[in-house]
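K.L.:
Please find one structure pasted underneath; my questions will follow.
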2 protein chains.
Amino acid sequence: MTTLLTRRHLFGPGPSNCYPQATEALGRPVLGHLDPDFITILDSACDSLRTVWGTNNARTLPLSATGSAGMEAAFVNTVSPGNIAVIAVNGLFGERMCEVARRCGAEVIRVDHDWGTPIDTERVLQAHPSPKVIAAVHAETSTGVLSDISELGTGKGDALLIIDAVTSLGGIEVMADEWGIDIGYSGTQKCLGVPPGLSPFTVSERAFDERVKDPRSWYLDIGLLGGYVGAAQGTSRTYHHTAPVAMIASLEAGLRRILDEGLNNVWARHEAAGRALREGLENMGLQLFAQEGSRLPSLTTVRVPDSVDSARVRRHLMEKFSIEIGAGVGRYADSLWRIGTMGPNARPDSVELVLGALEDGLRRSAENP
Amino acid sequence: MTTLLTRRHLFGPGPSNCYPQATEALGRPVLGHLDPDFITILDSACDSLRTVWGTNNARTLPLSATGSAGMEAAFVNTVSPGNIAVIAVNGLFGERMCEVARRCGAEVIRVDHDWGTPIDTERVLQAHPSPKVIAAVHAETSTGVLSDISELGTGKGDALLIIDAVTSLGGIEVMADEWGIDIGYSGTQKCLGVPPGLSPFTVSERAFDERVKDPRSWYLDIGLLGGYVGAAQGTSRTYHHTAPVAMIASLEAGLRRILDEGLNNVWARHEAAGRALREGLENMGLQLFAQEGSRLPSLTTVRVPDSVDSARVRRHLMEKFSIEIGAGVGRYADSLWRIGTMGPNARPDSVELVLGALEDGLRRSAENP
């Protein structure tokens, strides 16, 4: 059982460690979900989310569930049975999009890519002449790959563009309006430096107008959610469900922390941390996995050397240093490590720590094969 | 904007104030969702949930969303298009069940009751000879009414019994196994004294066996959730989504606090607080709303006197005493107050405080009509 003394360095694919401001806000006295003081906090969180999403969308809000529910909300509100969904798949989260869209009744057209490579915009845009939605992952958490989204927005035609920004929002540039994103979703526990539990979500006017009017989900129905938060500014709030007030206060404080530093500075800090980590790993003779030129600053994937037991090294890091790094996913479960430098961990000291610990783990592994 | 000095007395229908232990746990350092120390916390929370639910169900877990998502999970996992759902409606949350079940494709048979009255078991059981599910609300948050669930369990036949225990779990006796509940859901922000954001959920073996095998929701699919939590004890955990680790740590601590006091003692404390509040309100000449003999200990509904402006009194309580009480719902929005004495507020001093404040508010209202 954890105690107050337990402190982990969370260098996995998420959750990351939290900004202190986000942690402090979690412990504040709880407010009612209709309390004017809470509404001020919620509105502030939504305003800040608009800034980090790069959008003016009125309907920009934290959904009351984790990032995976954001994915479900994206499809359940846009796709009716029989609609065509073109989905770019270059990792686990693209795969999951296909499954979620299928359950919404979509006819899914997968555009498969090798894991570790970015999305091929041309192939995605040519997959169908008039899909209802085109969906892609901006930052693939399973592979550490960053894809160019803006070209999908340019070429999407009448389709709605759905983007997974779970491992990019708040750490890497996201420009929802400029890139033509119609629905974006994220999670709080990655670059935003807030505990997991909410899904920052944004919906364009067009996507809202063209939404499924009677979606299968009541909980995630953006038509109903808009009555409580988002577009309804100035009008009276309609109760939908009890907002997770503590988590929203935490998100508000984490976002404020990020905007106080300045988005450009935060992005630069993530960029520098990712670069330092990649250089350090390569200096140790390790091979990076994600294709060069498409490597995420926030999450670095590196191949486990053939002679090394991946799980044993990870266990060593946890037991000796209280450091968590991630295993790979799927067929890469044992052959990749995923190392996150997100939120408060996008710093030189964090990079130094995880590199030193990994070096120690590899040395130990070589000494006791 | 709230500050550290903002403290509300939350005597509304929820969220309630939190047990200090739940608040303390929220601020602990975040753990990874696959960290062995976190798994210990999660398992402990699930064990404690089994105790408060009065069940041995292996699949007893906190869903990663609020109580309303628990309602959605109950139907999405049991009801396929065309299935018959008999739903007892004696308040807003029964109404909502009908809407959620309809979106799952159910043929809904509503059994309507006057608001303020408990469920008529006979009428519900006779509504259809062989429904797929029978659903009812144990403790109606909109009306303050407690209904007898055990008789529904006795008479349910082959139907699955779905019960909303949002405003009862952890404050009022719930005996899921003894009463024949197949799926129960609740929220954390009422009697459990934990912030809103999770839905304590329990599923019987039979309900799991008869579940919808490919439900419309991926996020709430109990078949998939079981791989990470619940039934899979002793086997390896399968990643489904990132668990909201901070909220789960808070729930674990809140439940531990409740079980340390002893469930019977906690129930007795809620019972005593509710009784004292009802007596105090009647001594002030106010009329209780819920039918006598079916009044919730945790949430008391009282009629606003004809000459009194409901909203003005509520505003006075908030501004002068930082006390929140609830308005009514639907056609009772302006004619009822809802006063919760839940979790840490189920105490004599809390009852005294809210009674004194309300008396002050009514006096002021009489002086300045």
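Naming scheme: A, B, ... for chains in displayed order of the structure tokens; residues 1 onward per chain; ligands 1 onward as shown.
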Please identify all polymer residues within 10 Å of A:Gly180, counting only C-alpha atoms, omitting same-chain residues fewer than 5 positions from it, and present them as a list in words.

P.N.:
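Everything that qualifies: Thr55, Ile149, Ser150, Glu151, Leu152, Gly153, Thr154, Gly155, Lys156, Leu160, Leu161, Ile162, Ile163, Met175 and Ser204 of chain A.
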
K.L.:
Would you mind writing down, as a ChimeraX atom specification, each residue of stretch 8-116 of chain B that DSSP on the backbone assigns to strand (DSSP E)?

P.N.:
/B:9-11,59-63,84-89,107-112

K.L.:
Output all heavy atoms for every residue in that selection, as a compact mmCIF listing (two decimals), in the first residue's frame.

P.N.:
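Written output follows (out28.txt):
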```txt
# COMPACT_ATOMS: atom_id res chain seq x y z
N HIS B 9 -20.51 24.56 2.97
CA HIS B 9 -21.23 23.46 3.61
C HIS B 9 -22.19 22.91 2.56
O HIS B 9 -23.16 23.57 2.21
CB HIS B 9 -22.00 23.98 4.83
CG HIS B 9 -21.12 24.63 5.85
ND1 HIS B 9 -20.34 23.91 6.72
CD2 HIS B 9 -20.89 25.93 6.14
CE1 HIS B 9 -19.67 24.75 7.50
NE2 HIS B 9 -19.98 25.97 7.16
N LEU B 10 -21.90 21.73 2.08
CA LEU B 10 -22.66 21.20 0.95
C LEU B 10 -23.81 20.34 1.46
O LEU B 10 -23.67 19.12 1.63
CB LEU B 10 -21.74 20.43 0.01
CG LEU B 10 -20.61 21.28 -0.60
CD1 LEU B 10 -19.72 20.43 -1.51
CD2 LEU B 10 -21.17 22.46 -1.39
N PHE B 11 -24.96 20.99 1.68
CA PHE B 11 -26.17 20.30 2.11
C PHE B 11 -27.17 20.18 0.96
O PHE B 11 -28.37 20.12 1.18
CB PHE B 11 -26.82 21.07 3.28
CG PHE B 11 -25.98 21.11 4.53
CD1 PHE B 11 -25.57 22.32 5.06
CD2 PHE B 11 -25.61 19.93 5.17
CE1 PHE B 11 -24.79 22.37 6.22
CE2 PHE B 11 -24.83 19.97 6.32
CZ PHE B 11 -24.43 21.19 6.85
N ARG B 59 -17.12 -8.93 -10.05
CA ARG B 59 -17.07 -7.71 -10.86
C ARG B 59 -17.74 -6.55 -10.11
O ARG B 59 -18.90 -6.22 -10.35
CB ARG B 59 -17.70 -7.95 -12.22
CG ARG B 59 -16.85 -8.88 -13.07
CD ARG B 59 -17.51 -9.31 -14.35
NE ARG B 59 -16.72 -10.39 -14.94
CZ ARG B 59 -16.81 -11.65 -14.58
NH1 ARG B 59 -17.65 -12.04 -13.63
NH2 ARG B 59 -16.06 -12.57 -15.17
N THR B 60 -16.99 -6.01 -9.19
CA THR B 60 -17.43 -4.86 -8.40
C THR B 60 -16.29 -3.87 -8.47
O THR B 60 -15.18 -4.17 -8.04
CB THR B 60 -17.70 -5.29 -6.94
OG1 THR B 60 -18.70 -6.32 -6.95
CG2 THR B 60 -18.18 -4.13 -6.10
N LEU B 61 -16.53 -2.74 -9.05
CA LEU B 61 -15.43 -1.83 -9.40
C LEU B 61 -15.93 -0.41 -9.55
O LEU B 61 -17.13 -0.18 -9.71
CB LEU B 61 -14.79 -2.29 -10.71
CG LEU B 61 -15.63 -2.14 -12.00
CD1 LEU B 61 -14.71 -2.07 -13.21
CD2 LEU B 61 -16.61 -3.29 -12.16
N PRO B 62 -15.02 0.56 -9.50
CA PRO B 62 -15.42 1.94 -9.80
C PRO B 62 -15.27 2.20 -11.29
O PRO B 62 -14.16 2.11 -11.83
CB PRO B 62 -14.40 2.77 -9.00
CG PRO B 62 -13.20 1.90 -8.87
CD PRO B 62 -13.63 0.47 -9.01
N LEU B 63 -16.37 2.52 -11.97
CA LEU B 63 -16.26 2.93 -13.37
C LEU B 63 -15.62 4.32 -13.43
O LEU B 63 -15.82 5.15 -12.54
CB LEU B 63 -17.64 3.00 -14.03
CG LEU B 63 -18.43 1.70 -14.12
CD1 LEU B 63 -19.76 1.96 -14.85
CD2 LEU B 63 -17.64 0.62 -14.87
N ILE B 84 -37.17 -5.87 -23.91
CA ILE B 84 -38.13 -5.17 -23.05
C ILE B 84 -37.44 -4.71 -21.77
O ILE B 84 -36.82 -5.51 -21.08
CB ILE B 84 -39.29 -6.10 -22.66
CG1 ILE B 84 -39.96 -6.71 -23.89
CG2 ILE B 84 -40.30 -5.37 -21.77
CD1 ILE B 84 -40.77 -5.75 -24.70
N ALA B 85 -37.60 -3.45 -21.46
CA ALA B 85 -37.10 -2.90 -20.19
C ALA B 85 -38.27 -2.31 -19.42
O ALA B 85 -38.88 -1.34 -19.88
CB ALA B 85 -36.03 -1.85 -20.44
N VAL B 86 -38.59 -2.92 -18.28
CA VAL B 86 -39.62 -2.36 -17.41
C VAL B 86 -38.93 -1.41 -16.43
O VAL B 86 -38.00 -1.82 -15.72
CB VAL B 86 -40.36 -3.47 -16.64
CG1 VAL B 86 -41.23 -2.86 -15.53
CG2 VAL B 86 -41.20 -4.31 -17.59
N ILE B 87 -39.34 -0.16 -16.43
CA ILE B 87 -38.66 0.84 -15.61
C ILE B 87 -39.67 1.55 -14.71
O ILE B 87 -40.66 2.12 -15.18
CB ILE B 87 -37.91 1.85 -16.50
CG1 ILE B 87 -36.87 1.10 -17.36
CG2 ILE B 87 -37.24 2.92 -15.63
CD1 ILE B 87 -36.08 1.97 -18.31
N ALA B 88 -39.39 1.47 -13.41
CA ALA B 88 -40.21 2.18 -12.43
C ALA B 88 -39.80 3.65 -12.42
O ALA B 88 -38.61 3.95 -12.28
CB ALA B 88 -40.02 1.56 -11.05
N VAL B 89 -40.77 4.53 -12.58
CA VAL B 89 -40.46 5.96 -12.63
C VAL B 89 -41.19 6.67 -11.49
O VAL B 89 -42.42 6.77 -11.51
CB VAL B 89 -40.88 6.57 -13.99
CG1 VAL B 89 -40.58 8.08 -14.00
CG2 VAL B 89 -40.19 5.87 -15.15
N GLU B 107 -37.20 -1.56 -25.83
CA GLU B 107 -38.61 -1.20 -25.81
C GLU B 107 -38.94 -0.94 -24.34
O GLU B 107 -38.98 -1.86 -23.53
CB GLU B 107 -39.45 -2.35 -26.37
CG GLU B 107 -40.89 -1.99 -26.58
CD GLU B 107 -41.68 -3.16 -27.16
OE1 GLU B 107 -41.18 -3.82 -28.12
OE2 GLU B 107 -42.77 -3.43 -26.64
N VAL B 108 -39.15 0.32 -24.02
CA VAL B 108 -39.28 0.72 -22.62
C VAL B 108 -40.74 0.68 -22.18
O VAL B 108 -41.61 1.24 -22.85
CB VAL B 108 -38.73 2.14 -22.40
CG1 VAL B 108 -38.99 2.62 -20.97
CG2 VAL B 108 -37.23 2.18 -22.71
N ILE B 109 -41.00 -0.03 -21.10
CA ILE B 109 -42.32 0.00 -20.47
C ILE B 109 -42.18 0.77 -19.16
O ILE B 109 -41.57 0.28 -18.20
CB ILE B 109 -42.85 -1.43 -20.21
CG1 ILE B 109 -42.98 -2.16 -21.55
CG2 ILE B 109 -44.17 -1.38 -19.47
CD1 ILE B 109 -43.45 -3.58 -21.44
N ARG B 110 -42.71 1.98 -19.17
CA ARG B 110 -42.64 2.84 -17.97
C ARG B 110 -43.74 2.47 -17.00
O ARG B 110 -44.88 2.29 -17.40
CB ARG B 110 -42.92 4.30 -18.35
CG ARG B 110 -41.89 5.01 -19.13
CD ARG B 110 -42.44 6.38 -19.53
NE ARG B 110 -42.72 7.18 -18.34
CZ ARG B 110 -42.12 8.34 -18.07
NH1 ARG B 110 -41.24 8.84 -18.92
NH2 ARG B 110 -42.41 9.00 -16.98
N VAL B 111 -43.40 2.42 -15.74
CA VAL B 111 -44.42 2.28 -14.71
C VAL B 111 -44.36 3.56 -13.87
O VAL B 111 -43.48 3.70 -13.01
CB VAL B 111 -44.20 1.02 -13.86
CG1 VAL B 111 -45.33 0.85 -12.86
CG2 VAL B 111 -44.06 -0.21 -14.75
N ASP B 112 -45.29 4.46 -14.17
CA ASP B 112 -45.23 5.79 -13.55
C ASP B 112 -45.86 5.80 -12.16
O ASP B 112 -46.84 5.12 -11.90
CB ASP B 112 -45.95 6.81 -14.44
CG ASP B 112 -45.01 7.34 -15.51
OD1 ASP B 112 -44.06 8.06 -15.15
OD2 ASP B 112 -45.21 7.00 -16.70
```

K.L.:
Set out as JSON lines a contact list for chain A and chain B with a cut-off of 7 Å, giving each residue of chain A that qualifies its closest atom pair and distance in Å to one decimal, counting only C-alpha atoms, ordered by chain and rising residue number.

P.N.:
```
{"residue": "A:Met1", "atom": "CA", "partner": "B:Asp37", "partner_atom": "CA", "distance": 5.5}
{"residue": "A:Thr2", "atom": "CA", "partner": "B:Asp37", "partner_atom": "CA", "distance": 5.7}
{"residue": "A:Leu4", "atom": "CA", "partner": "B:Arg28", "partner_atom": "CA", "distance": 6.4}
{"residue": "A:Arg7", "atom": "CA", "partner": "B:Pro29", "partner_atom": "CA", "distance": 5.9}
{"residue": "A:Arg8", "atom": "CA", "partner": "B:Leu31", "partner_atom": "CA", "distance": 6.4}
{"residue": "A:Leu10", "atom": "CA", "partner": "B:Gly32", "partner_atom": "CA", "distance": 6.8}
{"residue": "A:Pro15", "atom": "CA", "partner": "B:Gly32", "partner_atom": "CA", "distance": 5.8}
{"residue": "A:Asn17", "atom": "CA", "partner": "B:Val30", "partner_atom": "CA", "distance": 6.4}
{"residue": "A:Thr23", "atom": "CA", "partner": "B:Gly27", "partner_atom": "CA", "distance": 5.5}
{"residue": "A:Glu24", "atom": "CA", "partner": "B:Gly27", "partner_atom": "CA", "distance": 6.7}
{"residue": "A:Leu26", "atom": "CA", "partner": "B:Gly27", "partner_atom": "CA", "distance": 6.1}
{"residue": "A:Gly27", "atom": "CA", "partner": "B:Gly27", "partner_atom": "CA", "distance": 5.5}
{"residue": "A:Arg28", "atom": "CA", "partner": "B:Leu4", "partner_atom": "CA", "distance": 6.4}
{"residue": "A:Pro29", "atom": "CA", "partner": "B:Arg7", "partner_atom": "CA", "distance": 5.9}
{"residue": "A:Val30", "atom": "CA", "partner": "B:Asn17", "partner_atom": "CA", "distance": 6.3}
{"residue": "A:Leu31", "atom": "CA", "partner": "B:Arg8", "partner_atom": "CA", "distance": 6.4}
{"residue": "A:Gly32", "atom": "CA", "partner": "B:Pro15", "partner_atom": "CA", "distance": 5.8}
{"residue": "A:Asp37", "atom": "CA", "partner": "B:Met1", "partner_atom": "CA", "distance": 5.5}
{"residue": "A:Thr40", "atom": "CA", "partner": "B:Met1", "partner_atom": "CA", "distance": 6.0}
{"residue": "A:Ile41", "atom": "CA", "partner": "B:Met1", "partner_atom": "CA", "distance": 6.4}
{"residue": "A:Ser64", "atom": "CA", "partner": "B:Ala65", "partner_atom": "CA", "distance": 6.0}
{"residue": "A:Ala65", "atom": "CA", "partner": "B:Ala65", "partner_atom": "CA", "distance": 4.7}
{"residue": "A:Thr66", "atom": "CA", "partner": "B:Ser64", "partner_atom": "CA", "distance": 7.0}
{"residue": "A:Ser68", "atom": "CA", "partner": "B:His241", "partner_atom": "CA", "distance": 6.3}
{"residue": "A:Ala69", "atom": "CA", "partner": "B:Tyr219", "partner_atom": "CA", "distance": 5.9}
{"residue": "A:Val100", "atom": "CA", "partner": "B:Trp218", "partner_atom": "CA", "distance": 6.0}
{"residue": "A:Arg103", "atom": "CA", "partner": "B:Arg216", "partner_atom": "CA", "distance": 5.0}
{"residue": "A:Cys104", "atom": "CA", "partner": "B:Arg216", "partner_atom": "CA", "distance": 6.2}
{"residue": "A:Pro195", "atom": "CA", "partner": "B:Ala246", "partner_atom": "CA", "distance": 6.3}
{"residue": "A:Pro196", "atom": "CA", "partner": "B:Pro244", "partner_atom": "CA", "distance": 4.7}
{"residue": "A:Gly197", "atom": "CA", "partner": "B:Pro244", "partner_atom": "CA", "distance": 4.6}
{"residue": "A:Arg216", "atom": "CA", "partner": "B:Arg103", "partner_atom": "CA", "distance": 5.0}
{"residue": "A:Ser217", "atom": "CA", "partner": "B:Arg103", "partner_atom": "CA", "distance": 6.7}
{"residue": "A:Trp218", "atom": "CA", "partner": "B:Val100", "partner_atom": "CA", "distance": 6.0}
{"residue": "A:Tyr219", "atom": "CA", "partner": "B:Ala69", "partner_atom": "CA", "distance": 5.9}
{"residue": "A:His241", "atom": "CA", "partner": "B:Ser68", "partner_atom": "CA", "distance": 6.3}
{"residue": "A:Thr242", "atom": "CA", "partner": "B:Pro196", "partner_atom": "CA", "distance": 6.9}
{"residue": "A:Ala243", "atom": "CA", "partner": "B:Pro196", "partner_atom": "CA", "distance": 6.8}
{"residue": "A:Pro244", "atom": "CA", "partner": "B:Gly197", "partner_atom": "CA", "distance": 4.6}
{"residue": "A:Val245", "atom": "CA", "partner": "B:Pro196", "partner_atom": "CA", "distance": 6.6}
{"residue": "A:Ala246", "atom": "CA", "partner": "B:Pro195", "partner_atom": "CA", "distance": 6.3}
```

K.L.:
May I have the residues within 12 Å of A:Ile339 as a PyMOL selection string, using only C-alpha atoms and disregarding those fewer than 3 positions away in the same chain?

P.N.:
chain A and resi 9-16+141-144+190+273-274+277-278+281+288-289+296-303+314+323-328+336+342+345-346+350-351+353-355+358

K.L.:
Which one of A:Arg338, A:Val313, A:Arg347, A:Leu259 sits closest to A:Arg275 if you count only C-alpha atoms?

P.N.:
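Looking at the shortest contact to A:Arg275, the residue is A:Arg347.
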
K.L.:
Taking the DSSP secondary structure from the backbone, can you list the residues of stretch 12-222 of chain A that are alpha helix (DSSP H), as a ChimeraX atom specification?

P.N.:
/A:20-26,36-53,67-76,92-103,121-125,150-155,176-179,205-209,222

K.L.:
For each of A:Phe208, A:Glu140, A:Glu252, A:Ser147, take the minimum atom-to-atom distance to A:Thr121, counting only C-alpha atoms, then give the residue where this is smallest.

P.N.:
A:Ser147

K.L.:
List as a list in words the protein and nucleic acid residues near stretch 49-52 of chain B, meaning an atom at most 10 Å away when only C-alpha atoms are counted, but skip any in the same chain fewer than 6 places from it.

P.N.:
Asp43, Ala58, Arg59, Thr60, Leu61, Pro62, Leu169, Gly170, Gly171, Ile172, Glu173, Val174, Met175, Ala176, Leu192, Pro200, Phe201, Thr202, Leu251, Glu252, Leu255, Arg256, Ile258, Leu259 and Leu263 of chain B

K.L.:
Name the closest residue to A:Ser250 among the candidates A:Glu95, A:Gly193, A:Gln126, A:Ser294; distances are taken between atoms, counting only C-alpha atoms.

P.N.:
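Checking each candidate against A:Ser250, we get A:Gly193 as the closest.
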
K.L.:
Given only C-alpha atoms as the basis, pick out the residue of A:Asp334, A:Thr238, A:Leu317, A:Gly226 nearest to A:Asp360.

P.N.:
A:Leu317
